[in-house]
Structure formats: C-alpha cells, structure tokens
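Enquirer: Take this structure, written in structure tokens, and hold onto it; I'll ask about it next.
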Amino acid sequence: MGTKAVGIVVGMLAVAGLPHESTERPMLVVRIVLLNEASVSGVVASRAQAEVARIYRSIDVDIVWVPQTAAVSPDLRYMRLTDWEPKDVRFSDALGMVPAEPGVRGVHGYVFWRRVQRLGRRLVFDAEAVLGALIAHEIGHMLLPEGSHSEAGVMLGAWSIAQYRMAAGGRLQFSSESARMIRHRLMTLGSAGVTRQRFGG
C-alpha cells in the first residue's frame, strides 16, 4: 500500500502526542484473538502484541489477548495477520482493513503482511517494528464510528515515512480526540465493561 489506507473501514497509521490524563478513571478492556495466518514469527507477533497493548494502555484501555481456543463470545474481536490481499482496486493501497456494514462496526480486522513487508523495503523501514502500530490502527476501526481517520495520531489515514519511523520507535499515540471517542464508545458498550480502576500515572 502506498502511504494510504483505503476501504470499507480500512485503517492505517499515524502520529501525535496525547497528554496523559491520569488520576482516577476506569480502565476499559478489549478482548482480541490474534490469528497469525501469515506465519509471522512468534517473536515478531509477541512484540507487536506488546506494542498494541502499550499504545492502548496510554489511553487507559487494556488489550487482553485471548487464545484461539477460547469459546466464541460476543465481546471478542479478531485480528488476522494474513498473506491474502484484496483484489478490489479500491483497496490496492491498503495495508489493512476492517470490513463493516453501514452503522455496524466490524469485529474482524486484517493486516496484509506481504504488503507491509514490500512497503518496508521500498521506504526503508523495519516492517516488523511497525506491525504493532498497524494492528492498533485496525483495532481502532473496530471501536470507532465510520469515517474515523484522524488528522494526527494512530488513526491518521495516510502515513508518511516520518510516521513509520515514529511507529518503529514506539512513539506513536492516539490523538486526544480519537482517545476520547474510543473510551466513550467502550463505556457505552455493555460487552466492553469497566473491569478495574486505574490510579495514578
């Protein structure tokens, strides 16, 4: 994908600083099953999962990675690392996507691993290092309303090489507006509930 994400609910990258609002507020939980259909190495996948958790923890959202063997549950979301690439020309530049219907958020997200690797070679960045940020972006599409690309931060719709470098360096965050919307949506979803209280920084 160039530096542009397209699609039904496709997600891509971004960058921006988010002032940490701490003191006392509820930590919300999102439960995700990672399906590694592209046979990404276990080390790379684990690092990506840790980076996703870091990005969401900064907005007081706890990402819980659920084993594939878990029973099907309405609160689960599924993230696929896949070698599959959509043929539809509308998604020719997409690194990932979350198919959804109007007014309904999708619960299955995709990151097109071969495209990420090809783009990494072309723009000279470490594809493995940005995988977590790409996954975080697609999960954001599962949680946010339609048209949820932002002007900055993780949910930026098209990343430049500068954003990829920030992602690789672990400096990517949600914009304050995206963070507010994600938390608001989770607070209003019964299946996402508040599971514990966070205190301090």
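So you can find residues: chains in the structure tokens are A, B, ... in the order shown, residues in each start at 1, and ligands are numbered from 1 in order.
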For Asp60 of chain A, work out the shell of residues within 6 Å, counting only C-alpha atoms and skipping chain neighbours fewer than 2 positions away, then give it as an mmCIF file with N, CA and C atoms, in the first residue's frame.

Expert:
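Final output, saved to around23.cif:
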data_model
loop_
_atom_site.group_PDB
_atom_site.id
_atom_site.type_symbol
_atom_site.label_atom_id
_atom_site.label_comp_id
_atom_site.auth_asym_id
_atom_site.auth_seq_id
_atom_site.Cartn_x
_atom_site.Cartn_y
_atom_site.Cartn_z
ATOM 1 N N MET A 27 -10.267 1.745 33.857
ATOM 2 C CA MET A 27 -9.536 1.091 32.775
ATOM 3 C C MET A 27 -10.540 0.190 32.060
ATOM 4 N N ARG A 57 -2.835 1.179 26.367
ATOM 5 C CA ARG A 57 -2.718 1.455 27.792
ATOM 6 C C ARG A 57 -2.548 2.947 28.049
ATOM 7 N N SER A 58 -1.939 3.651 27.103
ATOM 8 C CA SER A 58 -1.723 5.089 27.275
ATOM 9 C C SER A 58 -3.041 5.858 27.291
#

Enquirer: Skip Ser46 of chain A itself and residues of its chain fewer than 2 positions away, then list as number ranges by chain all residues within 12 Å of it, counting only C-alpha atoms.

Expert: A: 34, 36, 40-44, 48-53, 65, 128-129, 131-132

Enquirer: Excluding Ser148 of chain A and residues on its chain fewer than 2 positions from it, collect all residues at most 9 Å away from it, counting only C-alpha atoms, and give them as number ranges by chain.

Expert: A: 9, 11, 140-141, 144-146, 150, 155-157, 178

Enquirer: I need the chosen residues saved as an mmCIF file, in the first residue's frame, with all heavy atoms.

Expert:
data_model
loop_
_atom_site.group_PDB
_atom_site.id
_atom_site.type_symbol
_atom_site.label_atom_id
_atom_site.label_comp_id
_atom_site.auth_asym_id
_atom_site.auth_seq_id
_atom_site.Cartn_x
_atom_site.Cartn_y
_atom_site.Cartn_z
ATOM 1 N N VAL A 9 -13.565 -0.018 5.859
ATOM 2 C CA VAL A 9 -13.148 0.596 7.092
ATOM 3 C C VAL A 9 -11.710 0.226 7.145
ATOM 4 O O VAL A 9 -11.333 -0.641 7.866
ATOM 5 C CB VAL A 9 -13.841 -0.030 8.291
ATOM 6 C CG1 VAL A 9 -13.303 0.559 9.553
ATOM 7 C CG2 VAL A 9 -15.324 0.179 8.211
ATOM 8 N N GLY A 11 -7.691 0.757 7.781
ATOM 9 C CA GLY A 11 -7.009 1.559 8.721
ATOM 10 C C GLY A 11 -5.582 1.693 8.353
ATOM 11 O O GLY A 11 -5.008 0.833 7.794
ATOM 12 N N GLY A 140 -8.580 0.126 16.185
ATOM 13 C CA GLY A 140 -9.273 1.408 16.320
ATOM 14 C C GLY A 140 -10.496 1.485 15.436
ATOM 15 O O GLY A 140 -11.537 2.017 15.836
ATOM 16 N N HIS A 141 -10.407 0.918 14.224
ATOM 17 C CA HIS A 141 -11.571 0.921 13.336
ATOM 18 C C HIS A 141 -12.698 0.047 13.871
ATOM 19 O O HIS A 141 -13.870 0.294 13.586
ATOM 20 C CB HIS A 141 -11.170 0.453 11.937
ATOM 21 C CG HIS A 141 -10.506 1.527 11.133
ATOM 22 N ND1 HIS A 141 -11.132 2.704 10.785
ATOM 23 C CD2 HIS A 141 -9.258 1.608 10.620
ATOM 24 C CE1 HIS A 141 -10.304 3.460 10.088
ATOM 25 N NE2 HIS A 141 -9.151 2.825 9.979
ATOM 26 N N LEU A 144 -14.208 2.559 16.708
ATOM 27 C CA LEU A 144 -14.654 3.911 16.373
ATOM 28 C C LEU A 144 -15.776 3.889 15.341
ATOM 29 O O LEU A 144 -15.950 2.906 14.619
ATOM 30 C CB LEU A 144 -13.468 4.715 15.824
ATOM 31 C CG LEU A 144 -12.408 5.104 16.854
ATOM 32 C CD1 LEU A 144 -11.108 5.498 16.165
ATOM 33 C CD2 LEU A 144 -12.912 6.234 17.745
ATOM 34 N N PRO A 145 -16.520 4.973 15.226
ATOM 35 C CA PRO A 145 -17.559 5.036 14.191
ATOM 36 C C PRO A 145 -16.955 5.138 12.799
ATOM 37 O O PRO A 145 -15.745 5.312 12.641
ATOM 38 C CB PRO A 145 -18.340 6.309 14.551
ATOM 39 C CG PRO A 145 -17.464 7.085 15.455
ATOM 40 C CD PRO A 145 -16.486 6.145 16.086
ATOM 41 N N GLU A 146 -17.808 5.025 11.789
ATOM 42 C CA GLU A 146 -17.335 5.147 10.410
ATOM 43 C C GLU A 146 -16.667 6.508 10.187
ATOM 44 O O GLU A 146 -16.991 7.479 10.853
ATOM 45 C CB GLU A 146 -18.525 5.015 9.451
ATOM 46 C CG GLU A 146 -19.101 3.621 9.380
ATOM 47 C CD GLU A 146 -20.297 3.578 8.452
ATOM 48 O OE1 GLU A 146 -20.093 3.749 7.231
ATOM 49 O OE2 GLU A 146 -21.423 3.385 8.943
ATOM 50 N N SER A 150 -8.184 10.144 11.613
ATOM 51 C CA SER A 150 -7.952 11.414 12.292
ATOM 52 C C SER A 150 -6.926 12.243 11.522
ATOM 53 O O SER A 150 -6.335 11.773 10.552
ATOM 54 C CB SER A 150 -7.445 11.157 13.719
ATOM 55 O OG SER A 150 -6.207 10.454 13.670
ATOM 56 N N MET A 155 -4.664 6.967 14.269
ATOM 57 C CA MET A 155 -5.753 6.829 13.300
ATOM 58 C C MET A 155 -5.609 7.730 12.076
ATOM 59 O O MET A 155 -6.544 7.848 11.280
ATOM 60 C CB MET A 155 -7.102 7.083 13.983
ATOM 61 C CG MET A 155 -7.438 6.091 15.091
ATOM 62 S SD MET A 155 -7.270 4.339 14.601
ATOM 63 C CE MET A 155 -8.496 4.211 13.297
ATOM 64 N N LEU A 156 -4.441 8.326 11.896
ATOM 65 C CA LEU A 156 -4.189 9.084 10.660
ATOM 66 C C LEU A 156 -4.377 8.161 9.462
ATOM 67 O O LEU A 156 -3.941 7.014 9.479
ATOM 68 C CB LEU A 156 -2.759 9.627 10.684
ATOM 69 C CG LEU A 156 -2.333 10.550 9.547
ATOM 70 C CD1 LEU A 156 -3.093 11.869 9.606
ATOM 71 C CD2 LEU A 156 -0.837 10.802 9.631
ATOM 72 N N GLY A 157 -5.025 8.662 8.413
ATOM 73 C CA GLY A 157 -5.387 7.814 7.289
ATOM 74 C C GLY A 157 -4.250 7.471 6.349
ATOM 75 O O GLY A 157 -4.269 6.438 5.700
ATOM 76 N N SER A 178 -9.330 10.987 19.153
ATOM 77 C CA SER A 178 -9.550 9.546 18.945
ATOM 78 C C SER A 178 -9.628 8.817 20.277
ATOM 79 O O SER A 178 -10.463 7.927 20.472
ATOM 80 C CB SER A 178 -8.423 8.948 18.096
ATOM 81 O OG SER A 178 -8.460 9.444 16.776
#

Enquirer: Report as a PyMOL selection string: the residues of chain A with a DSSP assignment of alpha helix (DSSP H), based on the backbone of this structure.

Expert: chain A and resi 42-57+113-123+127-143+161-168+176-188

Enquirer: Can you measure atom CA of Ala100 of chain A to atom CA of Ile32 of chain A for me? One decimal in Å is fine.

Expert: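 For atom CA of Ala100 of chain A relative to atom CA of Ile32 of chain A, the distance reads 17.1 Å.
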
Enquirer: From the set A:Val124, A:Ala133, A:Val30, A:Leu172, which residue has the shortest atom-to-atom contact distance to Val111 of chain A, counting only C-alpha atoms?

Expert: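 Of A:Val124, A:Ala133, A:Val30, A:Leu172, the one nearest Val111 of chain A is A:Ala133, counting only C-alpha atoms.
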
Enquirer: Find the residues around Leu123 of chain A up to 12 Å (only C-alpha atoms counted), leave out those fewer than 2 positions away in its own chain, and share them as a list in words.

Expert: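 These residues fall inside the cut-off: Met1, Gly2, Thr3, Val116, Gln117, Arg118, Leu119, Gly120, Arg121, Phe125, Asp126, Ala127, Trp159, Ser160, Ile161, Ala162, Gln163, Tyr164 and Arg165 of chain A.
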
Enquirer: For the strand (DSSP E or B) assignment from backbone DSSP, which residues of segment 3-173 of chain A qualify? Please present them as a PyMOL selection string.

Expert: chain A and resi 15+24-36+61-66+76-82+96-97+101+104+108-112+150+153+156

Enquirer: Just checking: using only C-alpha atoms, which residue out of A:Leu28, A:Met142, A:Val64, A:Ala152 ends up closest to Pro99 of chain A?

Expert: A:Met142

Enquirer: In Å, rounded to a single decimal, give me how far atom CA of Trp113 of chain A is from atom CA of Gly169 of chain A.

Expert: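 A separation of 19.4 Å between them.
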
Enquirer: Take atom CA of Met187 of chain A and atom CA of Ala45 of chain A and report the distance between them in Å, one decimal.

Expert: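 If I compute the distance from atom CA of Met187 of chain A to atom CA of Ala45 of chain A, I get 28.7 Å.
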
Enquirer: Within 10 Å of Val66 of chain A, counting only C-alpha atoms, which residues qualify if same-chain residues fewer than 4 places away don't, as a list in words?

Expert: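 In the requested form, the answer reads Val30, Arg31, Ile32, Val33, Leu34, Ala70, Ala71, Leu76, Arg77 and Tyr78 of chain A.
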
Enquirer: For His149 of chain A, which of A:Leu186, A:Tyr110, A:Ser175, A:Met166 is the closest residue, counting only C-alpha atoms?

Expert: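 Using only C-alpha atoms, the shortest distance to His149 of chain A belongs to A:Ser175.
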
Enquirer: Select, from A:Leu35, A:Ile59, A:Val104, A:Ile135, the residue with the minimum atom-to-atom distance to Asp83 of chain A, counting only C-alpha atoms.

Expert: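 That would be A:Leu35, the residue with the smallest distance to Asp83 of chain A.
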